[in-house]
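Peer 1: Contents of model.txt (compact mmCIF, C-alpha atoms) are given next:
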```
# COMPACT_ATOMS: atom_id res chain seq x y z
CA MET Y 1 32.20 2.39 3.88
CA THR Y 2 29.63 0.11 2.19
CA VAL Y 3 27.14 0.66 5.01
CA THR Y 4 27.47 4.43 4.61
CA LYS Y 5 26.88 4.21 0.86
CA ASN Y 6 23.82 2.01 1.35
CA ARG Y 7 22.46 4.39 3.97
CA ASN Y 8 22.99 7.37 1.68
CA GLY Y 9 21.30 5.44 -1.13
CA VAL Y 10 18.25 4.76 1.03
CA PHE Y 11 17.89 8.41 2.01
CA THR Y 12 18.39 9.48 -1.61
CA THR Y 13 15.67 7.09 -2.78
CA LEU Y 14 13.28 8.30 -0.08
CA GLY Y 15 13.99 11.91 -0.96
CA GLN Y 16 13.45 11.33 -4.66
CA ALA Y 17 10.24 9.39 -4.00
CA PHE Y 18 9.02 12.21 -1.76
CA MET Y 19 9.65 14.78 -4.49
CA ALA Y 20 7.78 12.59 -6.97
CA GLY Y 21 4.90 12.25 -4.51
CA VAL Y 22 4.71 16.02 -4.06
CA ALA Y 23 4.70 16.44 -7.84
CA ARG Y 24 1.69 14.11 -8.10
CA MET Y 25 -0.30 16.09 -5.51
CA ASP Y 26 -3.15 18.41 -6.31
CA ARG Y 27 -1.98 21.70 -4.77
CA SER Y 28 -5.11 23.68 -5.55
CA LEU Y 29 -6.81 25.64 -2.74
CA SER Y 30 -9.96 26.47 -4.67
CA PRO Y 31 -13.17 24.78 -3.44
CA ALA Y 32 -14.60 25.31 -6.93
CA VAL Y 33 -12.36 22.52 -8.21
CA THR Y 34 -13.89 20.04 -5.78
CA LEU Y 35 -17.43 21.25 -6.47
CA ASN Y 36 -16.92 20.86 -10.23
CA LYS Y 37 -15.64 17.32 -9.70
CA LEU Y 38 -18.71 16.57 -7.59
CA LYS Y 39 -21.02 17.89 -10.32
CA ALA Y 40 -19.27 15.81 -12.99
CA HIS Y 41 -19.24 12.64 -10.85
CA LYS Y 42 -21.35 9.75 -12.15
CA TYR Y 43 -22.94 8.09 -9.16
CA VAL Y 44 -22.77 4.32 -8.78
CA LEU Y 45 -24.21 1.84 -6.31
CA SER Y 46 -21.04 1.77 -4.19
CA ASP Y 47 -21.55 5.47 -3.38
CA LEU Y 48 -24.26 4.39 -0.94
CA GLN Y 49 -21.45 3.69 1.54
CA TYR Y 50 -21.11 7.43 2.09
CA VAL Y 51 -24.81 7.65 2.99
CA GLY Y 52 -24.23 5.01 5.66
CA VAL Y 53 -21.12 6.82 6.87
CA ALA Y 54 -23.04 10.11 7.12
CA LEU Y 55 -25.89 8.51 9.09
CA LEU Y 56 -23.53 6.71 11.48
CA SER Y 57 -21.40 9.79 12.10
CA SER Y 58 -24.53 11.88 12.70
CA TYR Y 59 -25.64 9.43 15.39
CA TRP Y 60 -22.27 9.59 17.15
CA PHE Y 61 -22.24 13.40 17.09
CA ILE Y 62 -25.78 13.54 18.50
CA ILE Y 63 -24.98 11.37 21.52
CA MET Y 64 -21.51 12.86 22.04
CA GLU Y 65 -21.31 14.62 25.41
CA SER Y 66 -17.68 15.76 25.34
CA PRO Y 67 -17.04 18.25 23.88
CA PRO Y 68 -20.51 19.64 24.66
CA PHE Y 69 -22.84 21.44 22.28
CA PRO Y 70 -22.18 23.76 20.45
CA PHE Y 71 -18.41 23.14 20.54
CA LYS Y 72 -18.75 19.65 19.09
CA LEU Y 73 -20.15 21.22 15.90
CA PHE Y 74 -16.65 22.44 15.07
CA ILE Y 75 -15.63 18.82 14.33
CA PRO Y 76 -18.00 18.23 11.36
CA ILE Y 77 -17.49 21.82 10.16
CA LEU Y 78 -13.73 21.33 10.09
CA TRP Y 79 -14.19 17.99 8.36
CA ILE Y 80 -16.35 19.54 5.61
CA VAL Y 81 -13.77 22.28 5.02
CA LEU Y 82 -11.01 19.67 4.70
CA LEU Y 83 -13.12 17.77 2.17
CA ILE Y 84 -13.86 20.84 0.04
CA VAL Y 85 -10.29 22.16 -0.28
CA PRO Y 86 -8.54 20.03 -2.96
CA VAL Y 87 -5.08 20.00 -1.35
CA THR Y 88 -6.51 18.41 1.82
CA SER Y 89 -9.41 16.55 0.24
CA GLN Y 90 -7.07 14.20 -1.65
CA PHE Y 91 -5.96 12.79 1.73
CA PHE Y 92 -8.94 13.23 4.03
CA PHE Y 93 -11.65 11.96 1.70
CA PRO Y 94 -10.06 8.50 1.20
CA ALA Y 95 -9.35 8.40 4.96
CA THR Y 96 -13.03 8.88 5.84
CA PRO Y 97 -13.52 5.22 6.92
CA ILE Y 98 -10.58 5.54 9.33
CA PHE Y 99 -11.98 8.68 10.94
CA ILE Y 100 -15.44 7.12 11.25
CA TYR Y 101 -13.81 4.14 12.98
CA LEU Y 102 -12.03 6.45 15.43
CA LEU Y 103 -15.22 8.44 15.99
CA SER Y 104 -17.17 5.24 16.72
CA PHE Y 105 -14.50 4.01 19.12
CA TYR Y 106 -14.45 7.30 21.03
CA SER Y 107 -18.21 7.93 21.12
CA SER Y 108 -19.11 4.38 22.17
CA ARG Y 109 -18.63 5.51 25.81
CA PHE Y 110 -21.69 7.74 25.45
CA VAL Y 111 -24.07 4.90 24.58
CA SER Y 112 -26.44 4.48 27.50
CA ALA Y 113 -25.82 1.40 29.65
CA GLU Y 114 -29.54 0.78 29.63
CA VAL Y 115 -29.53 -0.15 25.94
CA ARG Y 116 -26.19 -1.93 25.91
CA PRO Y 117 -26.01 -5.74 25.84
CA VAL Y 118 -24.90 -7.68 28.90
CA VAL Y 119 -21.15 -8.18 29.11
CA SER Y 120 -20.09 -11.78 28.54
CA VAL Y 121 -17.49 -12.93 31.08
CA SER Y 122 -17.27 -16.70 30.67
CA LEU Y 123 -18.04 -17.25 26.98
CA LEU Y 124 -14.58 -16.61 25.55
CA PRO Y 125 -12.54 -18.71 28.04
CA THR Y 126 -15.10 -21.51 27.68
CA LEU Y 127 -14.91 -21.45 23.86
CA GLU Y 128 -11.12 -21.39 24.00
CA SER Y 129 -11.01 -24.46 26.23
CA VAL Y 130 -13.53 -26.31 24.03
CA LEU Y 131 -11.92 -25.42 20.70
CA TYR Y 132 -8.24 -25.66 21.65
CA GLY Y 133 -8.32 -28.06 24.59
CA ALA Y 134 -6.91 -25.53 27.08
CA ASN Y 135 -6.90 -21.86 27.99
CA ILE Y 136 -3.94 -20.94 25.76
CA SER Y 137 -3.84 -17.30 26.81
CA ASP Y 138 -3.62 -18.32 30.47
CA ILE Y 139 -0.74 -20.70 29.76
CA LEU Y 140 1.22 -17.95 27.95
CA THR Y 141 0.99 -15.63 30.96
CA ARG Y 142 2.35 -18.04 33.57
CA PHE Y 143 5.98 -17.10 32.87
CA THR Y 144 6.94 -13.46 32.49
CA HIS Y 145 10.28 -11.74 32.16
CA PRO Y 146 11.34 -8.10 31.52
CA ILE Y 147 12.88 -9.08 28.17
CA LEU Y 148 9.65 -10.78 27.09
CA ASP Y 149 7.72 -7.75 28.33
CA VAL Y 150 9.73 -5.43 26.06
CA ILE Y 151 9.43 -7.81 23.08
CA ALA Y 152 5.64 -7.90 23.55
CA TRP Y 153 5.36 -4.17 24.21
CA ILE Y 154 7.08 -2.99 21.00
CA PRO Y 155 4.45 -4.39 18.55
CA TYR Y 156 1.45 -4.18 20.90
CA GLY Y 157 2.03 -0.82 22.57
CA VAL Y 158 4.03 1.00 19.88
CA GLY Y 159 3.72 -0.73 16.50
CA HIS Y 160 -0.07 -0.95 16.63
CA PHE Y 161 -0.34 2.85 16.71
CA THR Y 162 2.49 3.71 14.29
CA ILE Y 163 2.71 0.97 11.64
CA PRO Y 164 -0.55 2.00 9.87
CA PHE Y 165 0.95 5.44 9.22
CA VAL Y 166 4.22 3.88 8.02
CA VAL Y 167 2.33 1.64 5.58
CA GLY Y 168 0.33 4.61 4.30
CA ALA Y 169 3.50 6.69 3.85
CA PHE Y 170 5.32 3.96 1.91
CA VAL Y 171 2.30 3.34 -0.31
CA TRP Y 172 2.08 7.07 -1.06
CA LEU Y 173 5.78 7.19 -1.90
CA PHE Y 174 6.22 4.04 -3.98
CA ARG Y 175 2.81 2.94 -5.30
CA ASP Y 176 -0.08 4.36 -7.28
CA VAL Y 177 -2.62 6.60 -5.54
CA ARG Y 178 -5.32 3.95 -6.07
CA ILE Y 179 -3.45 1.64 -3.71
CA LEU Y 180 -3.26 4.37 -1.07
CA HIS Y 181 -7.04 4.81 -1.31
CA LEU Y 182 -7.45 1.05 -1.05
CA TRP Y 183 -5.34 0.95 2.12
CA ALA Y 184 -7.35 3.70 3.82
CA SER Y 185 -10.66 2.13 2.82
CA VAL Y 186 -10.01 -1.49 3.76
CA PHE Y 187 -8.15 -0.65 6.97
CA GLY Y 188 -10.84 1.78 8.10
CA TYR Y 189 -13.85 -0.39 7.32
CA MET Y 190 -12.25 -3.46 8.88
CA ASN Y 191 -11.64 -1.62 12.16
CA LEU Y 192 -15.07 0.02 12.04
CA THR Y 193 -16.70 -3.40 11.70
CA GLY Y 194 -14.64 -4.68 14.65
CA VAL Y 195 -15.71 -1.76 16.86
CA LEU Y 196 -19.39 -2.29 16.01
CA ILE Y 197 -19.05 -5.99 16.89
CA GLN Y 198 -17.43 -5.07 20.20
CA ILE Y 199 -20.32 -2.72 20.99
CA LEU Y 200 -23.01 -5.26 20.10
CA PHE Y 201 -21.17 -8.25 21.58
CA PRO Y 202 -19.13 -7.03 24.60
CA CYS Y 203 -16.74 -9.59 26.10
CA ALA Y 204 -14.37 -9.36 29.07
CA PRO Y 205 -10.64 -9.76 28.28
CA PRO Y 206 -8.28 -12.15 30.15
CA TRP Y 207 -7.10 -9.46 32.59
CA TYR Y 208 -10.70 -9.25 33.89
CA GLU Y 209 -10.63 -12.97 34.68
CA VAL Y 210 -7.30 -12.54 36.47
CA ILE Y 211 -8.59 -9.65 38.62
CA TYR Y 212 -12.28 -10.40 39.12
CA GLY Y 213 -12.64 -14.07 38.18
CA LEU Y 214 -15.97 -14.88 36.54
CA THR Y 215 -18.07 -12.41 38.52
CA PRO Y 216 -20.53 -10.36 36.41
CA ALA Y 217 -19.15 -7.21 34.83
CA ASN Y 218 -20.76 -3.81 34.46
CA TYR Y 219 -20.04 -0.77 32.28
CA GLY Y 220 -18.98 1.32 35.25
CA MET Y 221 -15.75 -0.67 35.67
CA LYS Y 222 -12.45 0.87 34.64
CA GLY Y 223 -10.13 -0.79 32.17
CA SER Y 224 -6.77 -2.30 33.08
CA PRO Y 225 -3.40 -2.19 31.26
CA GLY Y 226 -2.86 -5.89 32.00
CA GLY Y 227 0.74 -6.87 31.34
CA LEU Y 228 1.52 -3.35 30.11
CA ALA Y 229 1.54 -2.29 33.76
CA ARG Y 230 4.97 -3.93 33.93
CA ILE Y 231 6.10 -1.61 31.11
CA ASP Y 232 4.86 1.39 33.09
CA ALA Y 233 6.90 0.17 36.05
CA LEU Y 234 9.93 -0.45 33.83
CA LEU Y 235 9.74 3.02 32.25
CA HIS Y 236 8.63 4.74 35.49
CA THR Y 237 5.52 6.16 33.82
CA ASN Y 238 1.75 5.90 34.17
CA MET Y 239 1.10 6.04 30.43
CA TYR Y 240 -0.65 2.72 29.79
CA SER Y 241 -2.40 2.61 33.15
CA ALA Y 242 -4.00 5.98 32.42
CA ALA Y 243 -4.80 5.15 28.78
CA PHE Y 244 -6.50 1.82 29.47
CA GLY Y 245 -8.09 3.08 32.67
CA ASN Y 246 -9.92 5.75 30.62
CA SER Y 247 -10.55 3.59 27.56
CA PRO Y 248 -14.04 3.99 26.04
CA MET Y 249 -14.03 0.30 25.07
CA VAL Y 250 -13.33 -1.67 28.26
CA PHE Y 251 -15.02 -4.88 27.11
CA GLY Y 252 -13.81 -5.00 23.53
CA ALA Y 253 -11.90 -8.27 23.63
CA PHE Y 254 -13.69 -9.87 20.67
CA PRO Y 255 -12.50 -9.63 17.96
CA SER Y 256 -8.92 -8.52 18.51
CA LEU Y 257 -8.34 -5.38 16.44
CA HIS Y 258 -4.65 -5.57 17.32
CA ALA Y 259 -4.53 -8.93 15.52
CA GLY Y 260 -6.80 -7.64 12.76
CA SER Y 261 -4.66 -4.57 12.11
CA ALA Y 262 -1.41 -6.55 12.14
CA THR Y 263 -2.90 -9.08 9.71
CA MET Y 264 -4.08 -6.33 7.38
CA GLU Y 265 -0.66 -4.69 7.46
CA ALA Y 266 1.05 -8.01 6.74
CA LEU Y 267 -1.31 -8.89 3.88
CA PHE Y 268 -0.99 -5.43 2.35
CA ILE Y 269 2.79 -5.21 2.57
CA ALA Y 270 3.27 -8.81 1.40
CA HIS Y 271 1.11 -8.17 -1.66
CA PHE Y 272 2.33 -4.73 -2.70
CA PHE Y 273 5.91 -4.99 -1.39
CA PRO Y 274 6.69 -8.74 -1.71
CA GLN Y 275 10.33 -8.30 -0.71
CA MET Y 276 9.15 -7.40 2.80
CA SER Y 277 6.88 -10.44 3.29
CA LYS Y 278 9.05 -12.32 5.78
CA PHE Y 279 9.53 -9.31 8.03
CA VAL Y 280 5.88 -8.29 8.25
CA TRP Y 281 4.68 -11.82 9.00
CA VAL Y 282 7.28 -12.17 11.76
CA TYR Y 283 5.96 -8.89 13.18
CA ALA Y 284 2.37 -10.15 12.96
CA GLY Y 285 3.30 -13.44 14.65
CA ILE Y 286 4.98 -11.66 17.55
CA LEU Y 287 1.97 -9.40 17.97
CA TYR Y 288 -0.40 -12.41 18.05
CA TRP Y 289 1.62 -13.80 20.93
CA ALA Y 290 1.85 -10.39 22.64
CA THR Y 291 -1.93 -9.93 22.77
CA MET Y 292 -2.24 -13.08 24.89
CA TYR Y 293 1.00 -12.68 26.86
CA LEU Y 294 -0.13 -9.22 28.02
CA THR Y 295 -3.57 -10.63 29.04
CA HIS Y 296 -5.57 -8.48 26.63
CA HIS Y 297 -7.00 -11.18 24.36
CA TYR Y 298 -7.87 -14.85 24.20
CA LEU Y 299 -6.66 -17.00 21.32
CA ILE Y 300 -10.13 -17.07 19.80
CA ASP Y 301 -10.09 -13.25 19.69
CA VAL Y 302 -6.82 -13.33 17.76
CA VAL Y 303 -8.03 -15.97 15.31
CA CYS Y 304 -11.31 -14.17 14.59
CA GLY Y 305 -9.58 -10.80 14.22
CA ALA Y 306 -7.09 -12.25 11.72
CA CYS Y 307 -9.84 -14.05 9.77
CA MET Y 308 -11.97 -10.91 9.60
CA SER Y 309 -9.01 -8.91 8.32
CA THR Y 310 -8.20 -11.52 5.67
CA MET Y 311 -11.80 -11.52 4.48
CA PHE Y 312 -11.83 -7.72 4.14
CA PHE Y 313 -8.52 -7.64 2.28
CA TYR Y 314 -9.54 -10.08 -0.44
CA LEU Y 315 -13.06 -8.68 -0.78
CA TRP Y 316 -11.71 -5.14 -1.25
CA LEU Y 317 -8.76 -6.07 -3.51
CA PRO Y 318 -9.65 -5.17 -7.14
CA ASP Y 319 -9.14 -7.83 -9.81
CA ASP Y 320 -6.67 -5.68 -11.76
CA LEU Y 321 -4.39 -5.44 -8.70
CA LYS Y 322 -4.26 -9.14 -7.87
CA SER Y 323 -1.25 -9.90 -10.07
CA THR Y 324 2.24 -9.24 -8.73
CA ALA Y 325 3.16 -7.12 -11.76
CA ALA Y 326 0.21 -4.78 -11.27
CA ALA Y 327 0.62 -4.64 -7.49
CA THR Y 328 4.30 -3.67 -7.63
CA THR Y 329 4.10 -1.08 -10.43
CA PRO Y 330 5.53 2.24 -9.20
CA PRO Y 331 3.75 5.57 -9.74
CA PRO Y 332 3.95 6.93 -13.31
CA ASN Y 333 6.48 9.64 -12.52
CA LEU Y 334 8.68 7.81 -10.02
CA SER Y 335 11.24 6.16 -12.33
CA SER Y 336 11.85 9.21 -14.52
CA PHE Y 337 11.13 12.17 -12.21
CA ALA Y 338 12.32 10.79 -8.89
CA THR Y 339 15.32 8.72 -9.91
CA GLY Y 340 16.21 10.49 -13.14
CA TYR Y 341 16.44 7.09 -14.82
CA GLN Y 342 15.39 6.51 -18.41
CA ARG Y 343 15.50 3.16 -20.17
CA SER Y 344 18.06 2.96 -22.96
CA LYS Y 345 17.17 1.83 -26.47
CA TYR Y 346 18.81 -1.52 -25.71
CA GLU Y 347 16.45 -2.13 -22.77
CA VAL Y 348 13.43 -0.96 -24.75
CA TYR Y 349 14.08 -3.55 -27.49
CA ASP Y 350 15.54 -6.17 -25.13
CA LEU Y 351 18.97 -6.14 -26.78
CA GLU Y 352 22.45 -6.54 -25.39
CA ASP Y 353 24.17 -3.28 -24.60
CA PRO Y 354 27.65 -3.37 -26.25
CA ARG Y 355 28.91 -0.87 -23.72
CA ARG Y 356 28.31 -3.38 -20.93
CA ALA Y 357 29.51 -6.40 -22.88
CA ALA Y 358 32.85 -4.85 -23.86
CA PRO Y 359 35.76 -5.14 -21.39
CA PRO Y 360 36.22 -1.94 -19.41
CA SER Y 361 39.17 0.24 -20.31
CA ALA Y 362 40.06 3.51 -18.68
CA GLY Y 363 39.26 6.50 -20.83
CA ALA Y 364 38.10 4.37 -23.78
CA MET Y 365 35.45 5.78 -26.06
CA LEU Y 366 33.02 3.86 -28.22
CA ASP Y 367 33.04 4.47 -31.96
CA ALA Y 368 29.95 4.68 -34.16
CA ALA Y 369 29.84 0.93 -34.77
CA ASP Y 370 29.23 0.27 -31.07
CA PHE Y 371 25.97 2.19 -31.23
CA ASP Y 372 24.70 0.23 -34.22
CA VAL Y 373 22.15 -2.38 -33.14
CA GLU Y 374 22.98 -5.55 -35.02
CA SER Y 375 20.78 -8.52 -35.77
CA ASP Y 376 21.85 -12.07 -36.53
CA ASP Y 377 20.77 -11.70 -40.16
CA GLU Y 378 23.04 -10.77 -43.03
CA GLU Y 379 23.60 -7.06 -43.33
CA VAL Y 380 21.06 -5.47 -45.65
CA ASP Y 381 21.02 -1.73 -46.11
CA ILE Y 382 17.86 0.22 -45.55
CA THR Y 383 17.59 0.77 -49.29
CA TYR Y 384 16.85 -2.94 -49.76
CA ARG Y 385 13.54 -2.60 -48.02
CA SER Y 386 12.18 -1.56 -51.43
CA PRO Y 387 14.73 -3.00 -53.87
CA VAL Y 388 14.66 -2.19 -57.55
CA PRO Y 389 13.22 -5.21 -59.39
CA GLY Y 390 15.47 -6.79 -61.93
CA THR Y 391 18.75 -6.09 -60.18
CA SER Y 392 21.12 -8.82 -59.09
CA SER Y 393 20.58 -7.93 -55.43
CA PHE Y 394 16.83 -8.28 -55.78
CA LEU Y 395 17.16 -11.72 -57.44
CA GLN Y 396 19.60 -12.87 -54.75
CA GLN Y 397 17.22 -11.74 -52.02
CA GLN Y 398 14.30 -13.60 -53.63
CA GLN Y 399 16.39 -16.79 -53.92
CA GLN Y 400 17.40 -16.55 -50.23
CA GLN Y 401 13.76 -16.20 -49.14
CA LYS Y 402 12.68 -19.24 -51.24
CA ALA Y 403 15.55 -21.28 -49.80
CA GLY Y 404 14.51 -20.39 -46.25
CA GLY Y 405 17.31 -17.91 -45.76
CA PRO Y 406 17.21 -14.76 -43.67
CA LYS Y 407 14.34 -12.46 -44.47
CA GLY Y 408 14.91 -9.73 -41.96
CA HIS Y 409 16.81 -6.53 -42.31
CA ARG Y 410 18.86 -4.65 -39.83
CA HIS Y 411 16.91 -2.95 -37.05
CA THR Y 412 18.63 0.38 -37.76
CA ALA Y 413 20.47 1.38 -40.88
CA SER Y 414 24.19 1.97 -40.75
CA ILE Y 415 24.92 5.65 -41.07
CA ALA Y 416 28.10 4.83 -42.94
CA SER Y 417 26.19 2.86 -45.62
CA LEU Y 418 24.01 5.89 -46.31
CA ILE Y 419 26.98 8.24 -46.50
CA ARG Y 420 28.76 5.99 -49.05
CA GLY Y 421 25.73 5.88 -51.34
CA ASP Y 422 27.64 7.51 -54.21
CA GLU Y 423 29.91 4.46 -54.37
CA ARG Y 424 27.02 2.11 -55.19
CA GLY Y 425 25.45 1.55 -58.57
CA PRO Y 426 22.23 0.16 -60.04
CA GLU Y 427 23.59 -3.37 -59.90
CA ASP Y 428 23.52 -3.09 -56.10
CA GLY Y 429 19.89 -2.04 -56.04
CA TRP Y 430 20.46 1.71 -56.04
CA SER Y 431 18.31 3.78 -58.34
CA PRO Y 432 20.21 6.80 -59.69
CA VAL Y 433 18.76 10.21 -58.86
CA ARG Y 434 17.97 12.24 -61.97
CA GLY Y 435 17.00 15.80 -62.36
CA SER Y 436 13.62 15.47 -60.73
CA PHE Y 437 11.29 12.84 -59.33
CA LYS Y 438 9.00 13.37 -62.29
CA GLU Y 439 11.74 12.37 -64.73
CA SER Y 440 12.55 9.19 -62.77
CA ARG Y 441 9.09 7.74 -63.16
CA VAL Y 442 8.75 4.70 -65.44
```
If you convert what's in this file into structure tokens, what do you get?
Peer 2:
Amino acid sequence: MTVTKNRNGVFTTLGQAFMAGVARMDRSLSPAVTLNKLKAHKYVLSDLQYVGVALLSSYWFIIMESPPFPFKLFIPILWIVLLIVPVTSQFFFPATPIFIYLLSFYSSRFVSAEVRPVVSVSLLPTLESVLYGANISDILTRFTHPILDVIAWIPYGVGHFTIPFVVGAFVWLFRDVRILHLWASVFGYMNLTGVLIQILFPCAPPWYEVIYGLTPANYGMKGSPGGLARIDALLHTNMYSAAFGNSPMVFGAFPSLHAGSATMEALFIAHFFPQMSKFVWVYAGILYWATMYLTHHYLIDVVCGACMSTMFFYLWLPDDLKSTAAATTPPPNLSSFATGYQRSKYEVYDLEDPRRAAPPSAGAMLDAADFDVESDDEEVDITYRSPVPGTSSFLQQQQQQKAGGPKGHRHTASIASLIRGDERGPEDGWSPVRGSFKESRV
């Protein structure tokens, strides 16, 4: 019964957060809105990144051979349309670094082998033996088992391609839009940097050493699924063999973008959703092991990928989002719109709610006194905020203040004390009301 209630509560929260997220969206279809924003934009130095992105993407489109010209022109045309329409621009513009990373990864196959650097075959295993005293990745592959294969496959072959979308979805649902833009930017630029390093510094992965030894490599060689071939055999598919066999980045062992992506996801979730820290770091740790167990990376690849990701995260993280309070603040409309929850006056002023303090009784109703917010000071009616000088109450109040007595008044006046005003006289600090305010002046 409790499990069912908790499950229903989770789905209710997700549904309410989704409705709040939709309410925050810009649903305009008019390109004029985007063009007006562009005209009103004040350009800053950081906008130069888009110049670099435009130049890099132009290069990739020029050398792209599949799809051929003129069909490949539909890709940038579609992208421009998505950027101009406000309802799509709010998602696709922040995701520009991610798409440039994917474009660079795909189009790297079209770079001529004549201008590519020589593939390094022995550098990584040599560095690993020198730095760590042994070939750690080779040691981890000496014992395999179907259960270990499945444990390694889930984060490496499934989580790596799905978790980034899950992180983006949760950030969109439960955090401010600035944090969603930060996620897309830092994740995209980190992976883009990794791909460019892999192009300029190609290195053979461990599976190459297992198959070919230390013989020289060339760009005409096909990729291998490594340990994921055992998953293909287990699932009776050819999925990973076909995917890695046609990979555009065969010699992209260094740095490990699997390790870099998992580290970025762990850092991001741990910072903006601290309650999930333990789970995401366990996931990252398993993926680190899986990259070596499946013969796709050396330990030095994993370490450098994680370090690069950490550097990007803290360089991109704004100062005003470094505190836990700022990082965990929900969107402006989530608490009221999504959950229908409004803070009571007791929570606003940090006071004890008498309705919670009183013992529960079936069908009991609270009287007016329960809604009166009391202070520890002696009861003083609201009329005493401006007492009539010369009265006994005024003199008593002055004596209490000189003696260090209570100075405060009640936070809210008792309604009953105002209703019974006709029972009080001038000796209690009440000034009688005459015919008009003009007559009452002294």
Peer 1: Between atom CA of Y:Phe254 and atom CA of Y:Asp301, what is the distance, to one decimal in Å?
Peer 2: 5.0 Å
Peer 1: Could you jot down the atom CA of Y:His236 to atom CA of Y:Asp138 separation for me, Å, one decimal place?
Peer 2: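 Result for atom CA of Y:His236 versus atom CA of Y:Asp138: 26.6 Å, one decimal.
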Peer 1: Expressed in Å to a single decimal, how great is the separation between atom CA of Y:Asp319 and atom CA of Y:Leu267?
Peer 2: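 Going from atom CA of Y:Asp319 over to atom CA of Y:Leu267, I get 15.8 Å.
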Peer 1: With distances taken over all atoms listed in the file, which of Y:Val166, Y:Leu315, Y:Ala259, Y:Cys304 is nearest to Y:Gly285?
Peer 2: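 Of Y:Val166, Y:Leu315, Y:Ala259, Y:Cys304, the one nearest Y:Gly285 is Y:Ala259, counting all atoms listed in the file.
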Peer 1: Taking only C-alpha atoms into account, which of Y:Gly15, Y:Pro146, Y:Pro332, Y:Pro202 comes nearest Y:Arg116?
Peer 2: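 Among the listed residues, Y:Pro202 lies closest to Y:Arg116.
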Peer 1: Nearest residue to Y:Met311 out of Y:Ile77, Y:Ala40, Y:Val22, Y:Met264, using only C-alpha atoms?
Peer 2: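 Closest residue, counting only C-alpha atoms: Y:Met264.
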Peer 1: Around all the atoms of stretch 323-330 of chain Y listed in the file, draw an axis-aligned box and extend it by 3 Å on each of the six sides; I want its centre and edge lengths in Å to one decimal, as lines of an AutoDock Vina configuration file.
Peer 2:
```
center_x = 2.1
center_y = -3.8
center_z = -9.6
size_x = 12.8
size_y = 18.1
size_z = 10.3
```
Peer 1: Looking at all atoms listed in the file, which of Y:Ile154, Y:Val167, Y:Ala17, Y:Ile147 is the one that sits closest to Y:Met276?
Peer 2: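 Between Y:Ile154, Y:Val167, Y:Ala17, Y:Ile147, the residue approaching Y:Met276 most closely is Y:Val167.
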Peer 1: Between Y:Gly52, Y:Gln16, Y:Lys37, Y:Ser46, which is the closest to Y:Val85 once you count only C-alpha atoms?
Peer 2: Y:Lys37
Peer 1: Which is closer to Y:Ile199 than all the others in Y:Ile62, Y:Val250, Y:Leu102, Y:Leu127, using only C-alpha atoms?
Peer 2: Y:Val250
Peer 1: Quick one: residues within 12 Å of Y:Ile300, all atoms listed in the file counted, chain neighbours fewer than 2 positions away excluded, as a PyMOL selection string?
Peer 2: chain Y and resi 123-132+134-137+203+205-206+253-256+259+288+291-292+296-298+302-307
